[in-house]
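Asker: Input structure: query-v6.pdb, which contains PDB, C-alpha atoms and all ligand atoms.
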```pdb
ATOM      1  CA  MET A 810      53.161   4.400 -39.968
ATOM      2  CA  ALA A 811      55.394   7.322 -40.959
ATOM      3  CA  LYS A 812      53.656  10.361 -42.399
ATOM      4  CA  LEU A 813      54.867  11.104 -45.939
ATOM      5  CA  LYS A 814      54.575  14.282 -47.961
ATOM      6  CA  PHE A 815      55.874  14.239 -51.536
ATOM      7  CA  THR A 816      56.476  17.626 -53.136
ATOM      8  CA  TYR A 817      56.866  18.265 -56.845
ATOM      9  CA  PHE A 818      55.528  20.586 -59.501
ATOM     10  CA  ASP A 819      51.914  20.314 -60.577
ATOM     11  CA  PHE A 820      52.264  18.438 -63.844
ATOM     12  CA  HIS A 821      52.536  14.892 -65.133
ATOM     13  CA  GLY A 822      56.045  13.694 -65.892
ATOM     14  CA  GLY A 823      59.508  14.877 -64.973
ATOM     15  CA  ARG A 824      61.582  13.772 -62.028
ATOM     16  CA  GLY A 825      58.597  13.554 -59.709
ATOM     17  CA  GLU A 826      56.359  11.156 -61.545
ATOM     18  CA  PRO A 827      58.148   7.843 -60.850
ATOM     19  CA  ALA A 828      57.821   8.388 -57.102
ATOM     20  CA  ARG A 829      54.185   9.484 -57.337
ATOM     21  CA  LEU A 830      53.494   6.364 -59.375
ATOM     22  CA  ALA A 831      55.419   4.073 -57.030
ATOM     23  CA  LEU A 832      53.707   5.399 -53.906
ATOM     24  CA  SER A 833      50.311   5.001 -55.532
ATOM     25  CA  ILE A 834      51.043   1.517 -56.882
ATOM     26  CA  GLY A 835      52.265   0.449 -53.450
ATOM     27  CA  GLY A 836      49.142   1.819 -51.777
ATOM     28  CA  ILE A 837      51.371   3.956 -49.547
ATOM     29  CA  PRO A 838      49.413   6.875 -48.085
ATOM     30  CA  PHE A 839      51.097  10.213 -48.810
ATOM     31  CA  GLU A 840      50.281  13.861 -49.134
ATOM     32  CA  ASP A 841      50.639  14.787 -52.820
ATOM     33  CA  ASP A 842      51.950  18.327 -52.506
ATOM     34  CA  ARG A 843      51.863  19.949 -55.977
ATOM     35  CA  VAL A 844      53.661  23.273 -56.162
ATOM     36  CA  PRO A 845      52.091  25.870 -58.483
ATOM     37  CA  PRO A 846      54.699  27.867 -60.477
ATOM     38  CA  ALA A 847      53.803  31.100 -58.654
ATOM     39  CA  GLU A 848      54.779  29.561 -55.301
ATOM     40  CA  TRP A 849      58.109  28.080 -56.344
ATOM     41  CA  GLU A 850      60.309  31.144 -55.840
ATOM     42  CA  ARG A 851      59.177  31.407 -52.214
ATOM     43  CA  ARG A 852      59.509  27.675 -51.485
ATOM     44  CA  LYS A 853      62.778  27.005 -53.327
ATOM     45  CA  ALA A 854      64.959  28.338 -50.495
ATOM     46  CA  HIS A 855      63.365  25.876 -48.081
ATOM     47  CA  THR A 856      64.448  22.777 -50.045
ATOM     48  CA  PRO A 857      67.828  21.099 -49.369
ATOM     49  CA  PHE A 858      69.280  21.804 -52.835
ATOM     50  CA  GLY A 859      66.930  24.450 -54.231
ATOM     51  CA  ALA A 860      65.110  21.908 -56.384
ATOM     52  CA  LEU A 861      62.252  19.411 -56.462
ATOM     53  CA  PRO A 862      61.262  16.684 -55.829
ATOM     54  CA  VAL A 863      61.574  16.395 -52.067
ATOM     55  CA  LEU A 864      60.036  13.868 -49.725
ATOM     56  CA  GLU A 865      59.161  14.653 -46.130
ATOM     57  CA  ARG A 866      58.884  11.847 -43.609
ATOM     58  CA  ASP A 867      57.566  12.756 -40.189
ATOM     59  CA  GLY A 868      58.870  16.303 -40.661
ATOM     60  CA  GLN A 869      62.346  15.325 -41.946
ATOM     61  CA  VAL A 870      63.198  15.884 -45.565
ATOM     62  CA  VAL A 871      65.161  14.062 -48.287
ATOM     63  CA  ALA A 872      65.917  15.469 -51.751
ATOM     64  CA  GLN A 873      67.328  14.026 -55.006
ATOM     65  CA  SER A 874      64.860  12.171 -57.167
ATOM     66  CA  ASN A 875      66.718   8.876 -57.347
ATOM     67  CA  ALA A 876      67.271   8.734 -53.568
ATOM     68  CA  ILE A 877      63.531   9.267 -53.229
ATOM     69  CA  ASN A 878      62.792   6.672 -55.921
ATOM     70  CA  ARG A 879      64.889   4.082 -54.095
ATOM     71  CA  TYR A 880      63.229   4.836 -50.777
ATOM     72  CA  VAL A 881      59.666   4.758 -52.056
ATOM     73  CA  GLY A 882      60.555   1.782 -54.265
ATOM     74  CA  LYS A 883      61.489  -0.140 -51.115
ATOM     75  CA  LEU A 884      58.245   0.864 -49.416
ATOM     76  CA  ALA A 885      56.193  -0.117 -52.456
ATOM     77  CA  ASP A 886      58.026  -3.358 -53.283
ATOM     78  CA  LEU A 887      59.258  -1.778 -56.510
ATOM     79  CA  TYR A 888      62.976  -1.945 -55.739
ATOM     80  CA  PRO A 889      65.005  -5.186 -55.919
ATOM     81  CA  SER A 890      66.055  -6.722 -52.610
ATOM     82  CA  ASP A 891      69.000  -8.486 -54.276
ATOM     83  CA  PRO A 892      72.016  -6.104 -54.179
ATOM     84  CA  TRP A 893      73.096  -6.833 -57.766
ATOM     85  CA  GLN A 894      69.612  -6.353 -59.171
ATOM     86  CA  ALA A 895      69.381  -3.169 -57.109
ATOM     87  CA  ALA A 896      72.586  -1.936 -58.768
ATOM     88  CA  LEU A 897      71.077  -2.643 -62.209
ATOM     89  CA  CYS A 898      68.005  -0.670 -61.216
ATOM     90  CA  ASP A 899      70.196   2.227 -59.975
ATOM     91  CA  GLU A 900      72.277   2.171 -63.152
ATOM     92  CA  VAL A 901      69.226   2.759 -65.318
ATOM     93  CA  MET A 902      67.845   5.515 -63.112
ATOM     94  CA  GLY A 903      71.254   7.222 -63.218
ATOM     95  CA  ALA A 904      71.394   6.976 -67.004
ATOM     96  CA  VAL A 905      67.956   8.533 -67.408
ATOM     97  CA  GLU A 906      69.075  11.285 -65.061
ATOM     98  CA  ASP A 907      72.176  11.912 -67.232
ATOM     99  CA  ILE A 908      70.232  12.385 -70.457
ATOM    100  CA  GLY A 909      67.344  14.120 -68.683
ATOM    101  CA  THR A 910      69.768  16.711 -67.333
ATOM    102  CA  LYS A 911      71.122  17.386 -70.837
ATOM    103  CA  ILE A 912      67.607  17.860 -72.188
ATOM    104  CA  GLY A 913      66.532  19.896 -69.159
ATOM    105  CA  ALA A 914      69.394  22.339 -69.786
ATOM    106  CA  THR A 915      67.674  23.413 -73.029
ATOM    107  CA  PHE A 916      64.276  24.239 -71.515
ATOM    108  CA  PHE A 917      64.731  27.931 -70.841
ATOM    109  CA  LEU A 918      67.120  28.837 -73.654
ATOM    110  CA  PRO A 919      66.254  31.502 -76.251
ATOM    111  CA  GLU A 920      64.543  29.836 -79.229
ATOM    112  CA  GLU A 921      67.559  29.859 -81.611
ATOM    113  CA  GLN A 922      69.858  28.306 -79.048
ATOM    114  CA  LYS A 923      67.242  25.812 -77.947
ATOM    115  CA  LYS A 924      66.790  24.638 -81.536
ATOM    116  CA  ALA A 925      70.536  24.298 -82.101
ATOM    117  CA  GLN A 926      71.159  22.431 -78.856
ATOM    118  CA  ARG A 927      68.196  20.118 -79.286
ATOM    119  CA  GLU A 928      69.250  19.279 -82.822
ATOM    120  CA  GLU A 929      72.649  18.333 -81.427
ATOM    121  CA  LEU A 930      70.988  16.137 -78.822
ATOM    122  CA  VAL A 931      68.893  14.456 -81.523
ATOM    123  CA  ALA A 932      72.009  13.859 -83.605
ATOM    124  CA  GLY A 933      73.907  12.135 -80.797
ATOM    125  CA  PRO A 934      73.110  11.883 -77.095
ATOM    126  CA  ILE A 935      69.392  11.026 -77.235
ATOM    127  CA  PRO A 936      69.782   8.111 -79.705
ATOM    128  CA  PHE A 937      72.865   7.030 -77.761
ATOM    129  CA  TYR A 938      70.939   6.749 -74.478
ATOM    130  CA  LEU A 939      67.949   5.171 -76.208
ATOM    131  CA  THR A 940      70.045   2.448 -77.813
ATOM    132  CA  ARG A 941      72.163   1.852 -74.729
ATOM    133  CA  LEU A 942      69.094   1.580 -72.504
ATOM    134  CA  GLU A 943      67.580  -0.825 -75.008
ATOM    135  CA  GLN A 944      70.745  -2.916 -74.855
ATOM    136  CA  ARG A 945      70.622  -2.968 -71.056
ATOM    137  CA  LEU A 946      66.974  -4.030 -71.175
ATOM    138  CA  GLU A 947      67.804  -6.840 -73.600
ATOM    139  CA  ALA A 948      70.790  -7.916 -71.495
ATOM    140  CA  HIS A 949      68.540  -8.281 -68.456
ATOM    141  CA  GLY A 950      65.849 -10.407 -70.065
ATOM    142  CA  GLY A 951      64.059  -7.914 -72.293
ATOM    143  CA  ARG A 952      60.981  -7.317 -70.146
ATOM    144  CA  TYR A 953      62.131  -5.224 -67.205
ATOM    145  CA  PHE A 954      65.399  -3.562 -66.296
ATOM    146  CA  ALA A 955      66.050  -5.489 -63.089
ATOM    147  CA  ALA A 956      64.961  -8.715 -61.407
ATOM    148  CA  ASP A 957      62.522  -9.434 -64.271
ATOM    149  CA  ARG A 958      59.785  -7.440 -62.587
ATOM    150  CA  LEU A 959      58.498  -3.892 -62.445
ATOM    151  CA  SER A 960      60.736  -1.522 -60.495
ATOM    152  CA  VAL A 961      61.220   2.208 -60.116
ATOM    153  CA  ALA A 962      63.783   1.998 -62.963
ATOM    154  CA  ASP A 963      61.017   0.888 -65.332
ATOM    155  CA  LEU A 964      58.808   3.717 -64.131
ATOM    156  CA  LYS A 965      61.563   6.268 -64.701
ATOM    157  CA  VAL A 966      62.300   5.052 -68.240
ATOM    158  CA  PHE A 967      58.572   4.891 -68.991
ATOM    159  CA  VAL A 968      58.115   8.543 -67.971
ATOM    160  CA  TRP A 969      61.084   9.607 -70.132
ATOM    161  CA  ILE A 970      59.948   7.703 -73.215
ATOM    162  CA  ARG A 971      56.430   9.050 -72.828
ATOM    163  CA  HIS A 972      57.848  12.583 -72.776
ATOM    164  CA  LEU A 973      59.877  11.962 -75.952
ATOM    165  CA  LYS A 974      56.919  10.367 -77.726
ATOM    166  CA  SER A 975      54.508  13.112 -76.683
ATOM    167  CA  GLY A 976      55.977  15.590 -79.164
ATOM    168  CA  ALA A 977      56.089  18.181 -76.387
ATOM    169  CA  LEU A 978      59.814  18.691 -76.898
ATOM    170  CA  ASP A 979      60.205  21.072 -79.829
ATOM    171  CA  HIS A 980      62.896  19.998 -82.320
ATOM    172  CA  VAL A 981      62.896  16.426 -80.993
ATOM    173  CA  PRO A 982      60.960  14.181 -83.424
ATOM    174  CA  ALA A 983      58.261  12.293 -81.531
ATOM    175  CA  ASP A 984      59.005   9.101 -83.489
ATOM    176  CA  LEU A 985      62.677   9.037 -82.446
ATOM    177  CA  PRO A 986      62.222   6.240 -79.845
ATOM    178  CA  ASP A 987      60.262   4.119 -82.354
ATOM    179  CA  ARG A 988      62.949   4.533 -84.995
ATOM    180  CA  VAL A 989      65.941   4.060 -82.738
ATOM    181  CA  ALA A 990      64.877   1.730 -79.946
ATOM    182  CA  PRO A 991      61.701  -0.245 -80.751
ATOM    183  CA  LYS A 992      62.266  -2.683 -77.880
ATOM    184  CA  LEU A 993      62.322   0.231 -75.495
ATOM    185  CA  VAL A 994      59.002   1.368 -76.935
ATOM    186  CA  GLU A 995      57.641  -2.149 -76.328
ATOM    187  CA  HIS A 996      58.845  -1.780 -72.746
ATOM    188  CA  TYR A 997      57.066   1.592 -72.541
ATOM    189  CA  GLU A 998      53.851  -0.100 -73.723
ATOM    190  CA  ARG A 999      54.351  -2.918 -71.216
ATOM    191  CA  VAL A1000      54.619  -0.457 -68.321
ATOM    192  CA  LYS A1001      51.801   1.732 -69.642
ATOM    193  CA  ASN A1002      49.502  -1.306 -69.831
ATOM    194  CA  ASP A1003      50.392  -2.611 -66.391
ATOM    195  CA  PRO A1004      47.033  -2.607 -64.556
ATOM    196  CA  ARG A1005      48.635  -0.796 -61.596
ATOM    197  CA  VAL A1006      49.945   1.963 -63.850
ATOM    198  CA  LYS A1007      46.644   2.164 -65.725
ATOM    199  CA  ALA A1008      44.803   2.524 -62.416
ATOM    200  CA  TYR A1009      47.041   5.471 -61.491
ATOM    201  CA  TYR A1010      46.290   7.342 -64.718
ATOM    202  CA  ALA A1011      42.609   6.465 -64.588
ATOM    203  CA  LYS A1012      42.578   8.253 -61.242
ATOM    204  CA  HIS A1013      44.878  11.181 -62.028
ATOM    205  CA  GLY A1014      44.377  11.716 -65.764
ATOM    206  CA  LEU A1015      47.212  12.057 -68.189
ATOM    207  CA  SER A1016      48.291  15.224 -69.924
ATOM    208  CA  GLY A1017      51.456  13.994 -71.597
TER     209      GLY A1017
HETATM  210  N1  LIG A1101      69.493  16.083 -59.217
HETATM  211  C1  LIG A1101      68.221  16.591 -58.813
HETATM  212  C2  LIG A1101      67.764  17.622 -59.836
HETATM  213  C3  LIG A1101      66.492  18.312 -59.367
HETATM  214  C4  LIG A1101      65.987  19.351 -60.376
HETATM  215  O1  LIG A1101      66.751  19.967 -61.137
HETATM  216  N2  LIG A1101      64.668  19.570 -60.337
HETATM  217  C5  LIG A1101      64.036  20.533 -61.201
HETATM  218  C6  LIG A1101      62.668  20.008 -61.617
HETATM  219  S1  LIG A1101      62.731  18.459 -62.466
HETATM  220  C7  LIG A1101      63.802  21.826 -60.435
HETATM  221  O2  LIG A1101      63.523  21.809 -59.248
HETATM  222  N3  LIG A1101      63.831  22.957 -61.139
HETATM  223  C8  LIG A1101      63.504  24.239 -60.587
HETATM  224  C9  LIG A1101      64.689  25.025 -60.150
HETATM  225  O3  LIG A1101      65.831  24.528 -60.245
HETATM  226  O4  LIG A1101      64.489  26.155 -59.679
HETATM  227  C10 LIG A1101      67.219  15.453 -58.634
HETATM  228  O5  LIG A1101      67.431  14.402 -59.257
HETATM  229  O6  LIG A1101      66.248  15.601 -57.884
END
```
Could you rewrite the structure in this file as structure tokens?
Answerer:
Amino acid sequence: MAKLKFTYFDFHGGRGEPARLALSIGGIPFEDDRVPPAEWERRKAHTPFGALPVLERDGQVVAQSNAINRYVGKLADLYPSDPWQAALCDEVMGAVEDIGTKIGATFFLPEEQKKAQREELVAGPIPFYLTRLEQRLEAHGGRYFAADRLSVADLKVFVWIRHLKSGALDHVPADLPDRVAPKLVEHYERVKNDPRVKAYYAKHGLSG
């Protein structure tokens, strides 16, 4: 079996968590390489695009979170084999990436600017993506985003909704998902209560 090493920052959430979850759910052995902030500057130059996550397979590396999610999803039986359902799964992961990138761009802004930009996101783009994702969920049966079963798309949305609901994002009301997209919050609960997901957090703890 190929030797896998998954590298991401040492926290719960973000672009790395869906793949960590998928590998664990699938029982796929991997080295969980968690980069401490102090080491990042030195290691950044050695990644394909100067960013994490990256996945190493027998010494070869692949970057880009959704490429990694698709690959580990296939290994873990969390990616649809039907090409159309796979496209639906990809669509959702791409959408979360779009809004995640907008939010991520505010992380290191000076406080005034961060507040202004986040308030703009709360007034438009975040509710837009929440409602549109909810519509996609409903259009595909209401339980999961693709093939009516858990996939890496569900894991990626789950991680995003958990972040929004955690209150960790200053100037983004933690109840926004509940107010704007209750069915998406039901989906979040469904994924959170999946015994395979619960087993992961029982093992690794959860810090929001
Ligand atoms: N499109 C890339 C974006 C990767 C990205 O921006 N990763 C962030 C962490 S979530 C990062 O490495 N930030 C540190 C840096 O850019 O120096 C992907 O989906 O993997």
Asker: Hey, can I get the axis-aligned box for range 903-915 of chain A? All listed atoms, 8 Å padding on each side, centre and edge lengths in Å to one decimal, as JSON.
Answerer:
```
{"center_x": 69.4, "center_y": 15.2, "center_z": -68.1, "size_x": 21.6, "size_y": 32.4, "size_z": 25.8}
```
Asker: Given the choices A:Phe937, A:Arg1005, A:His996, A:His1013, which gets closest to Asp819 in chain A if the distance is worked out from only C-alpha atoms?
Answerer: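 Counting only C-alpha atoms, the residue closest to Asp819 in chain A is A:His1013.
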Asker: Within 12 Å of Pro889 in chain A, counting all atoms listed in the file, which residues qualify if same-chain residues fewer than 4 places away don't, as an NGL selection string?
Answerer: :A and (879-885 or 893-899 or 953-963)
Asker: Around ligand LIG 1101 (chain A), which protein and nucleic acid residues have at least one atom no more than 12 Å from it, if we count only C-alpha atoms and all ligand atoms? List them as a short mmCIF file (atom, residue, chain, number, x, y, z; two decimals) with C-alpha atoms, keeping the file's coordinate frame.
Answerer:
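Output (result.cif):
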```cif
data_model
loop_
_atom_site.label_atom_id
_atom_site.label_comp_id
_atom_site.auth_asym_id
_atom_site.auth_seq_id
_atom_site.Cartn_x
_atom_site.Cartn_y
_atom_site.Cartn_z
CA THR A 816 56.48 17.63 -53.14
CA TYR A 817 56.87 18.26 -56.84
CA PHE A 818 55.53 20.59 -59.50
CA ASP A 819 51.91 20.31 -60.58
CA PHE A 820 52.26 18.44 -63.84
CA HIS A 821 52.54 14.89 -65.13
CA GLY A 822 56.04 13.69 -65.89
CA GLY A 823 59.51 14.88 -64.97
CA ARG A 824 61.58 13.77 -62.03
CA GLY A 825 58.60 13.55 -59.71
CA GLU A 826 56.36 11.16 -61.54
CA PRO A 827 58.15 7.84 -60.85
CA ALA A 828 57.82 8.39 -57.10
CA VAL A 844 53.66 23.27 -56.16
CA PRO A 845 52.09 25.87 -58.48
CA PRO A 846 54.70 27.87 -60.48
CA ALA A 847 53.80 31.10 -58.65
CA GLU A 848 54.78 29.56 -55.30
CA TRP A 849 58.11 28.08 -56.34
CA GLU A 850 60.31 31.14 -55.84
CA ARG A 851 59.18 31.41 -52.21
CA ARG A 852 59.51 27.68 -51.48
CA LYS A 853 62.78 27.00 -53.33
CA ALA A 854 64.96 28.34 -50.50
CA HIS A 855 63.36 25.88 -48.08
CA THR A 856 64.45 22.78 -50.04
CA PRO A 857 67.83 21.10 -49.37
CA PHE A 858 69.28 21.80 -52.84
CA GLY A 859 66.93 24.45 -54.23
CA ALA A 860 65.11 21.91 -56.38
CA LEU A 861 62.25 19.41 -56.46
CA PRO A 862 61.26 16.68 -55.83
CA VAL A 863 61.57 16.40 -52.07
CA LEU A 864 60.04 13.87 -49.72
CA VAL A 871 65.16 14.06 -48.29
CA ALA A 872 65.92 15.47 -51.75
CA GLN A 873 67.33 14.03 -55.01
CA SER A 874 64.86 12.17 -57.17
CA ASN A 875 66.72 8.88 -57.35
CA ALA A 876 67.27 8.73 -53.57
CA ILE A 877 63.53 9.27 -53.23
CA ASN A 878 62.79 6.67 -55.92
CA ARG A 879 64.89 4.08 -54.10
CA MET A 902 67.84 5.52 -63.11
CA GLY A 903 71.25 7.22 -63.22
CA ALA A 904 71.39 6.98 -67.00
CA VAL A 905 67.96 8.53 -67.41
CA GLU A 906 69.08 11.28 -65.06
CA ASP A 907 72.18 11.91 -67.23
CA ILE A 908 70.23 12.38 -70.46
CA GLY A 909 67.34 14.12 -68.68
CA THR A 910 69.77 16.71 -67.33
CA LYS A 911 71.12 17.39 -70.84
CA ILE A 912 67.61 17.86 -72.19
CA GLY A 913 66.53 19.90 -69.16
CA ALA A 914 69.39 22.34 -69.79
CA PHE A 916 64.28 24.24 -71.52
CA PHE A 917 64.73 27.93 -70.84
CA LYS A 965 61.56 6.27 -64.70
CA TRP A 969 61.08 9.61 -70.13
#
```
Asker: Suppose you want the space between CA of Arg927 in chain A and CA of Pro982 in chain A; what is it in Å?
Answerer: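 A separation of 10.2 Å between them.
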Asker: For the structure provided, state which residues fall under the PyMOL selection byres (((chain A and resi 983) around 6) and not hetatm), and present them as a ChimeraX atom specification.
Answerer: /A:973-974,976,982,984-985
Asker: Calculate how many Å separate CA of Phe815 in chain A from CA of Tyr1010 in chain A, rounding to one decimal.
Answerer: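 If I compute the distance from CA of Phe815 in chain A to CA of Tyr1010 in chain A, I get 17.7 Å.
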Asker: Would you please work out which residue, of A:His972, A:Arg945, A:Lys1012, A:Arg866, is nearest to Glu900 in chain A when using all atoms listed in the file?
Answerer: A:Arg945
Asker: So how far away is CA of Val931 in chain A from CA of Val981 in chain A, in Å?
Answerer: 6.3 Å
Asker: Would you write out, as a PyMOL selection string, every residue that the PyMOL selection byres (((chain A and resi 989-993) around 10) and not hetatm) captures in this file?
Answerer: chain A and resi 935-947+951-953+966-967+970+984-988+994-999
Asker: Using all atoms listed in the file, pick whichever of A:Leu930, A:Ser833, A:Glu865, A:Val870 has the shortest atom-to-atom distance to Asp886 in chain A.
Answerer: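 Of all the options, A:Ser833 lies closest to Asp886 in chain A.
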Asker: Let me make sure I understand: among A:Ile834, A:Ser890, A:His949, A:Lys923, which one has the smallest atom-to-atom distance to Asp1003 in chain A if we use only C-alpha atoms?
Answerer: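 Smallest separation from Asp1003 in chain A among the options: A:Ile834.
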Asker: Have a look at A:Leu918, A:Leu1015, A:Leu978, A:Ala1008 and name the one nearest to Gly836 in chain A; count all atoms listed in the file.
Answerer: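 When distances to Gly836 in chain A are compared using all atoms listed in the file, the smallest one comes from A:Ala1008.
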Asker: Using all atoms listed in the file, which of A:Val968, A:Ser975, A:Tyr888, A:His980 sits nearest Ala932 in chain A?
Answerer: A:His980
Asker: Specify as a ChimeraX atom specification each residue included when the PyMOL selection byres (((chain A and resi 812) around 6) and not hetatm) is applied to this file.
Answerer: /A:811,813,866-867
Asker: Mind completing range 965-976 of chain A with N, CA and C atoms? Output as a PDB file, keeping the file's coordinate frame, please?
Answerer:
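The resulting file, result.pdb, is reproduced below:
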```
ATOM      1  N   LYS A 965      60.807   5.078 -64.282  1.00  0.00           N
ATOM      2  CA  LYS A 965      61.563   6.268 -64.701  1.00  0.00           C
ATOM      3  C   LYS A 965      61.787   6.277 -66.219  1.00  0.00           C
ATOM      4  N   VAL A 966      62.114   5.124 -66.784  1.00  0.00           N
ATOM      5  CA  VAL A 966      62.300   5.052 -68.240  1.00  0.00           C
ATOM      6  C   VAL A 966      60.962   5.307 -68.944  1.00  0.00           C
ATOM      7  N   PHE A 967      59.916   4.705 -68.421  1.00  0.00           N
ATOM      8  CA  PHE A 967      58.572   4.891 -68.991  1.00  0.00           C
ATOM      9  C   PHE A 967      58.218   6.383 -69.078  1.00  0.00           C
ATOM     10  N   VAL A 968      58.462   7.110 -67.995  1.00  0.00           N
ATOM     11  CA  VAL A 968      58.115   8.543 -67.971  1.00  0.00           C
ATOM     12  C   VAL A 968      58.954   9.304 -69.006  1.00  0.00           C
ATOM     13  N   TRP A 969      60.220   8.920 -69.148  1.00  0.00           N
ATOM     14  CA  TRP A 969      61.084   9.607 -70.132  1.00  0.00           C
ATOM     15  C   TRP A 969      60.629   9.324 -71.563  1.00  0.00           C
ATOM     16  N   ILE A 970      60.371   8.058 -71.853  1.00  0.00           N
ATOM     17  CA  ILE A 970      59.948   7.703 -73.215  1.00  0.00           C
ATOM     18  C   ILE A 970      58.616   8.365 -73.540  1.00  0.00           C
ATOM     19  N   ARG A 971      57.722   8.397 -72.580  1.00  0.00           N
ATOM     20  CA  ARG A 971      56.430   9.050 -72.828  1.00  0.00           C
ATOM     21  C   ARG A 971      56.644  10.523 -73.189  1.00  0.00           C
ATOM     22  N   HIS A 972      57.571  11.173 -72.491  1.00  0.00           N
ATOM     23  CA  HIS A 972      57.848  12.583 -72.776  1.00  0.00           C
ATOM     24  C   HIS A 972      58.373  12.738 -74.204  1.00  0.00           C
ATOM     25  N   LEU A 973      59.332  11.883 -74.589  1.00  0.00           N
ATOM     26  CA  LEU A 973      59.877  11.962 -75.952  1.00  0.00           C
ATOM     27  C   LEU A 973      58.787  11.734 -76.996  1.00  0.00           C
ATOM     28  N   LYS A 974      57.937  10.731 -76.740  1.00  0.00           N
ATOM     29  CA  LYS A 974      56.919  10.367 -77.726  1.00  0.00           C
ATOM     30  C   LYS A 974      55.766  11.368 -77.773  1.00  0.00           C
ATOM     31  N   SER A 975      55.652  12.188 -76.760  1.00  0.00           N
ATOM     32  CA  SER A 975      54.508  13.112 -76.683  1.00  0.00           C
ATOM     33  C   SER A 975      54.597  14.221 -77.725  1.00  0.00           C
ATOM     34  N   GLY A 976      55.810  14.485 -78.226  1.00  0.00           N
ATOM     35  CA  GLY A 976      55.977  15.590 -79.164  1.00  0.00           C
ATOM     36  C   GLY A 976      56.062  16.935 -78.460  1.00  0.00           C
TER      37      GLY A 976
END
```
